[in-house]
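Take a look at the structure below.
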Amino acid sequence: MKVIVGHENLDLDALGSMVLARYLHPGARLVRVGGLEGRVREVVELFVDHLALLDEDELELERVEQVIVCDTAQPGRIGPLAELVGRVPFVVYDHHPRGEGDLPAAGGAVAPYGATVTVVGLRMMERGLEPAPEDATLAYAGLWEDTGGFTYAGTTATDLRVGAWLLEHGAQLTAVRDWVRGHPDPAARAMLGALMQNLEVLERGGVRIALTRAEHEGYVPALAPLAHTLMDLYEVDAVFMVLRLEDQTMIIARSKGRLDAGALLREEFGGGGHACAAFARIETAPEAACHRLKEAVARYLQPEQQLGEVMTRGVETLDESTTVEEALALMRRRGFGGMPVVDGAGRVVGVVRRRDLERAVRYGMGSGAVRSFASVAATLPEDAPLSAARAALREGAGRVLVLDAAGRPAGIFTRTDLYRLPPPAGREVSERIFDALPEGVRQVLEALAEAFSEGAVHLVGGSVRDALLGQSSPDVDLVLEGLDPAEVARFLTRRFGGSYGVHYAFGTAHARLRGGIEVDLATAREEEYPAPGRLPRVRASTLSRDLARRDFTVNAMALRIVPEPRVLTDPYGGLADLEARVLRPLHALSFVEDPSRIMRGLRLAVRLGFRFHPEAERQIEEVAARGIGDAPTSRLRRELMLLFEEPRPVAVLREAERYGMLKALYSLGPSQEVWTALKRLEALKPARAVPAESYLYLLLLAAPDPEAFTARFGWPRRWLAYIERLRQPLADPRAVRELGEAFVEAFVALHPERAAEVRKPARRLRGRDLLELGMEPGPEVGRILRAVEAARERGEVRSYEEELTLARKLMEDYGTSRTP
């Protein structure tokens with residue numbers, strides 16, 4: 001038989017994930033090892049018949065064929081079932097990081113979510129399995145407990161998504177509230193008092209750590225929640241409780257981030273867990289264990305970030321002589337609540353707040369200089385630790401100005417930035433992104449990190465998204481802060497060879513490097529749409545505002561390359577949406593502002609196997625209902641042309657039709673005949689490229705008014721005459737070929753029975769052609785023919801004329817002599 005087991009001293013997360021695991025492993029029996037604590041015991045008794053838990057002493061090990069383990073991977077925590085390691089397959093579902101000596105899992109999933117319920121629930125969602133209401137309630141209780149009501153540091157967006165899914169399937173919140181919060185147990189209250197009496201607060205590297213111990217004779221339920229109570233009471237970042245209960249001593253640890261509690265207890269005490277929650281059973285006396293913890297904690301602190309690494313760059317300032325009215329107009333236009341004021345040398349003299357300037361205008365002081373209304377600014381240097389900025393914000397500063405060595409503003413750090421800091425796992429994800437990039441791209445980024453010590457360079461958008469999906473390409477998109485795109489492009493071409501171009505009006509550059517790497521460089525910028533559907537006004541800005549102007553959350557992530565260390569910025573939950581394979585627009589008017597984003601989303605959805613978020617579908621309905629107004633045809637045209645380069649362009653067009661966007665955006669309504677012809681064109685891929693014009697010729701047949709269609713998007717008017725030829729199945733083959741390869745492909749797609757006579761066999765380069773060019777007969781002829789054939793197979797040459805041009809170049813490169 002198959003059995004499902006959690007760890008000893010079962011908690012609600014282990015129980016909830018076991019219950020869900022039954023859906024993934026039908027017929028498996030739930031097994032309990034060890035005792036049951038307080039509320040868990042009450043819940044198990046409430047669902048005794050439904051759970052049908054087998055006690056470990058009822059288990060016949062020789063009958064077990066497979067073991068499914070939930071919420072642990074440690075053999076020492078699954079009782080007698082550990083004896084089956086190496087004899088039967090084990091499947092592990094866990095949210096703790098893997099460690100040395102873990103069970104040799106042959107299946108399951110281990111992922112760093114806030115609870116194991118999320119790990120199992122996500123697999124159910126992917127398979128379309130639906131839990132019964134009572135199971136959804138049990139699972140939700142485990143999810144709620146292990147994430148602290150979705151507030152603990154290890155909580156992820158995926159935890160909330162699984163929680164919503166459980167609610168949709170009948171999870172009862174009233175019951176969960178009862179089970180998780182319960183009533184304070186007298187023994188737990190007594191233990192809390194002892195812990196508070198013995199508590200000591202340490203400070204190591206800007207991290208506040210509570211260290212305490214207590215002893216108790218007899219059983220004490222719900223010990224883990226006491227750690228969170230102490231963290232809240234003493235406002236600390238981590239807590240270690242050393243507890244002596246009857247004949248055993250244990251350590252329970254909780255951490256909010258920089259202190260890796262799991263690594264500490266695993267390496268120093270042989271325990272386990274993850275960075276934010278860990279446990280160890282020890283032989284050491286409580287006093288000795290506390291002393292050892294004091295000495296060890298500093299070794300398990302992640303390096304504290306400096307303000308220069310996390311600040312928002314590109315601070316806008318006001319000259320001290322600017323009038324109040326001028327400053328107020330600028331702040332209203334930019335949506336700022338305050339701005340730094342600088343003197344003639346660019347040094348900060350203070351900060352003015354919008355509300356103070358508005359009051360000054362009301363008092364008739366609008367013509368005065370802003371210097372008179374500037375208040376003292378909270379300032380710190382770039383190398384100041386993040387904890388110093390936290391302290392300044394905690395003491396009431398609305399913002400901290402970060403100054404360079406000369407006292408000029410280099411950046412700003414606000415409470416909003418504090419909440420947008422990447423989670424502790426951010427650097428692990430950052431390295432995963434970097435490692436997934438092609439070797440050539442990594443070399444380019446490493447060169448930038450070595451060469452530029454000031455400013456900031458971020459890998460953004462599709463480059464980050466595709467690396468996370470394992471689909472990286474040699475195309476690199478970089479956003480710069482405090483650096484000139486032209487200067488960076490020049491450096492790259494000097495270092496790697498190649499060429500570059502600069503668009504000064506747009507603050508962008510493009511470098512084409514030797515080896516095939518293409519690098520797009522742009523100054524961080526923001527957009528303002530004067531009206532729905534109109535082209536935006538663009539101006540220089542900061543990274544956060546640059547990401548805010550993008551289309552979907554999965555395209556609004558940035559990996560900082562300069563300054564080091566590499567850190568992922570993900571302000572809109574793109575990582576979670578990427579994991580869920582969901583396309584979510586950044587804001588409620590995203591598609592109204594730019595309807596071409598819908599087509600971009602459809603291209604991504606088909607290529608990557610994603611689906612639209614309900615918010616995206618709501619916006620599509622809005623666009624379909626209100627129309628696209630003055631939407632720029634240039635962007636719609638560009639999206640259509642990019643669509644034809646996709647591996648499955650017809651699938652994208654079909655999705656556009658399903659959402660009503662072919663009609664709303666392009667006024668197209670293909671007939672079944674046209675759809676069939678489009679499908680035949682697509683079938684030519686990937687064996688050979690299909691010209692974009694071939695698709696467009698067929699779409700002209702799908703336009704109710706072809707003349708208006710060509711005029712609107714600027715297609716050549718001569719194409720209107722082509723439509724008539726397309727509709728003539730008996731057209732003269734020579735007349736069809738005269739209109740070019742693209743027309744031939746469209747014609748054959750519409751009239752496949754004419755393929756043999758319309759398609760003329762392509763002429764290929766032969767040896768006698770080389771002799772006619774003046775080559776001497778000999779082995780060099782064969783060498784060049786083979787080189788041309790290889791280029792043809794790679795798609796580098798597509799016609800006889802291109803082959804002939806390549807042959808002439810090869811003759812020059814090889815130094816082949818010509819006959820006089």
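Following the order of the structure tokens, chains are lettered A, B, ..., residues in each are numbered from 1, and ligands are numbered from 1.
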
Exercise for the section: List every residue of stretch 239-389 of chain A that DSSP, applied to the backbone, labels as alpha helix (DSSP H), and write the result as a PyMOL selection string. Expected result: chain A and resi 261-269+286-296+307-310+324-334+354-362+386-389

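The spacing separating atom CA of A:Leu643 from atom CA of A:Pro691 amounts to 11.9 Å.
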
Exercise for the section: Mind checking which residues fall within 10 Å of A:Met231, counting only C-alpha atoms, ignoring those fewer than 5 positions away in the same chain, and posting them as a PyMOL selection string? Expected result: chain A and resi 208-210+226+236-240+254-256

How about saving the chosen residues, all heavy atoms kept, as an mmCIF file, in the first residue's frame?
```
data_model
loop_
_atom_site.group_PDB
_atom_site.id
_atom_site.type_symbol
_atom_site.label_atom_id
_atom_site.label_comp_id
_atom_site.auth_asym_id
_atom_site.auth_seq_id
_atom_site.Cartn_x
_atom_site.Cartn_y
_atom_site.Cartn_z
ATOM 1 N N ARG A 208 18.641 42.849 15.215
ATOM 2 C CA ARG A 208 18.287 42.650 16.619
ATOM 3 C C ARG A 208 17.801 41.211 16.810
ATOM 4 O O ARG A 208 16.909 40.748 16.100
ATOM 5 C CB ARG A 208 17.193 43.638 17.035
ATOM 6 C CG ARG A 208 17.717 45.063 17.231
ATOM 7 C CD ARG A 208 16.589 46.065 17.346
ATOM 8 N NE ARG A 208 15.592 45.699 18.335
ATOM 9 C CZ ARG A 208 15.673 45.944 19.647
ATOM 10 N NH1 ARG A 208 16.759 46.555 20.124
ATOM 11 N NH2 ARG A 208 14.710 45.596 20.468
ATOM 12 N N ILE A 209 18.406 40.511 17.779
ATOM 13 C CA ILE A 209 18.133 39.091 17.992
ATOM 14 C C ILE A 209 17.754 38.872 19.449
ATOM 15 O O ILE A 209 18.473 39.291 20.366
ATOM 16 C CB ILE A 209 19.381 38.236 17.658
ATOM 17 C CG1 ILE A 209 19.856 38.529 16.230
ATOM 18 C CG2 ILE A 209 19.086 36.749 17.841
ATOM 19 C CD1 ILE A 209 21.302 38.182 15.993
ATOM 20 N N ALA A 210 16.615 38.217 19.669
ATOM 21 C CA ALA A 210 16.189 37.857 21.021
ATOM 22 C C ALA A 210 16.638 36.434 21.311
ATOM 23 O O ALA A 210 16.365 35.518 20.533
ATOM 24 C CB ALA A 210 14.678 37.980 21.153
ATOM 25 N N LEU A 226 4.838 31.112 20.192
ATOM 26 C CA LEU A 226 5.443 31.975 21.213
ATOM 27 C C LEU A 226 6.624 32.758 20.631
ATOM 28 O O LEU A 226 6.892 33.882 21.043
ATOM 29 C CB LEU A 226 5.928 31.129 22.402
ATOM 30 C CG LEU A 226 4.853 30.354 23.178
ATOM 31 C CD1 LEU A 226 5.494 29.582 24.324
ATOM 32 C CD2 LEU A 226 3.784 31.302 23.706
ATOM 33 N N VAL A 236 12.144 42.606 17.429
ATOM 34 C CA VAL A 236 13.424 42.055 17.007
ATOM 35 C C VAL A 236 13.286 41.413 15.633
ATOM 36 O O VAL A 236 12.184 41.160 15.144
ATOM 37 C CB VAL A 236 13.942 41.012 18.026
ATOM 38 C CG1 VAL A 236 14.300 41.684 19.330
ATOM 39 C CG2 VAL A 236 12.934 39.897 18.244
ATOM 40 N N ASP A 237 14.440 41.138 15.013
ATOM 41 C CA ASP A 237 14.455 40.543 13.678
ATOM 42 C C ASP A 237 14.530 39.022 13.719
ATOM 43 O O ASP A 237 14.269 38.359 12.710
ATOM 44 C CB ASP A 237 15.641 41.088 12.884
ATOM 45 C CG ASP A 237 15.610 42.605 12.779
ATOM 46 O OD1 ASP A 237 14.626 43.120 12.222
ATOM 47 O OD2 ASP A 237 16.549 43.255 13.259
ATOM 48 N N ALA A 238 14.917 38.472 14.875
ATOM 49 C CA ALA A 238 15.014 37.018 15.005
ATOM 50 C C ALA A 238 14.885 36.644 16.471
ATOM 51 O O ALA A 238 15.161 37.468 17.361
ATOM 52 C CB ALA A 238 16.341 36.513 14.449
ATOM 53 N N VAL A 239 14.469 35.414 16.714
ATOM 54 C CA VAL A 239 14.359 34.925 18.089
ATOM 55 C C VAL A 239 14.794 33.466 18.140
ATOM 56 O O VAL A 239 14.509 32.681 17.235
ATOM 57 C CB VAL A 239 12.921 35.093 18.637
ATOM 58 C CG1 VAL A 239 11.925 34.268 17.835
ATOM 59 C CG2 VAL A 239 12.846 34.738 20.105
ATOM 60 N N PHE A 240 15.537 33.124 19.211
ATOM 61 C CA PHE A 240 15.934 31.748 19.477
ATOM 62 C C PHE A 240 15.425 31.380 20.869
ATOM 63 O O PHE A 240 15.782 32.030 21.857
ATOM 64 C CB PHE A 240 17.454 31.589 19.426
ATOM 65 C CG PHE A 240 18.033 31.709 18.044
ATOM 66 C CD1 PHE A 240 18.340 32.951 17.521
ATOM 67 C CD2 PHE A 240 18.248 30.583 17.274
ATOM 68 C CE1 PHE A 240 18.863 33.067 16.250
ATOM 69 C CE2 PHE A 240 18.774 30.690 15.990
ATOM 70 C CZ PHE A 240 19.081 31.937 15.474
ATOM 71 N N ARG A 254 13.058 31.597 14.810
ATOM 72 C CA ARG A 254 12.326 32.324 13.777
ATOM 73 C C ARG A 254 13.146 33.550 13.393
ATOM 74 O O ARG A 254 13.768 34.185 14.242
ATOM 75 C CB ARG A 254 10.925 32.753 14.258
ATOM 76 C CG ARG A 254 9.976 31.610 14.546
ATOM 77 C CD ARG A 254 9.602 30.860 13.283
ATOM 78 N NE ARG A 254 8.634 29.793 13.514
ATOM 79 C CZ ARG A 254 8.936 28.525 13.759
ATOM 80 N NH1 ARG A 254 10.217 28.159 13.828
ATOM 81 N NH2 ARG A 254 7.990 27.629 13.938
ATOM 82 N N SER A 255 13.118 33.889 12.097
ATOM 83 C CA SER A 255 13.901 35.021 11.603
ATOM 84 C C SER A 255 13.125 35.739 10.516
ATOM 85 O O SER A 255 12.386 35.116 9.756
ATOM 86 C CB SER A 255 15.248 34.535 11.058
ATOM 87 O OG SER A 255 15.938 35.586 10.412
ATOM 88 N N LYS A 256 13.333 37.056 10.408
ATOM 89 C CA LYS A 256 12.642 37.835 9.388
ATOM 90 C C LYS A 256 13.456 38.000 8.107
ATOM 91 O O LYS A 256 12.952 38.542 7.141
ATOM 92 C CB LYS A 256 12.299 39.227 9.935
ATOM 93 C CG LYS A 256 11.232 39.216 11.009
ATOM 94 C CD LYS A 256 10.940 40.629 11.484
ATOM 95 C CE LYS A 256 9.868 40.632 12.561
ATOM 96 N NZ LYS A 256 9.630 42.003 13.082
#
```

Problem - Residue contacts of stretch 605-616 of chain A (12 Å, only C-alpha atoms) excluding same-chain residues fewer than 5 positions away, as number ranges by chain - result: A: 462, 465-466, 468-471, 551-554, 577-592, 595, 597-600, 621-623, 643, 645-656, 659

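Straight-line separation from atom CA of A:Glu8 to atom CA of A:Trp165: 28.0 Å.
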
Exercise for the section: Go through A:Leu785, A:Ala164, A:Val207, A:Leu20 one by one, measure the shortest atom-to-atom distance of each to A:Met124 using only C-alpha atoms, and give the residue with the smallest value. Expected result: A:Leu20
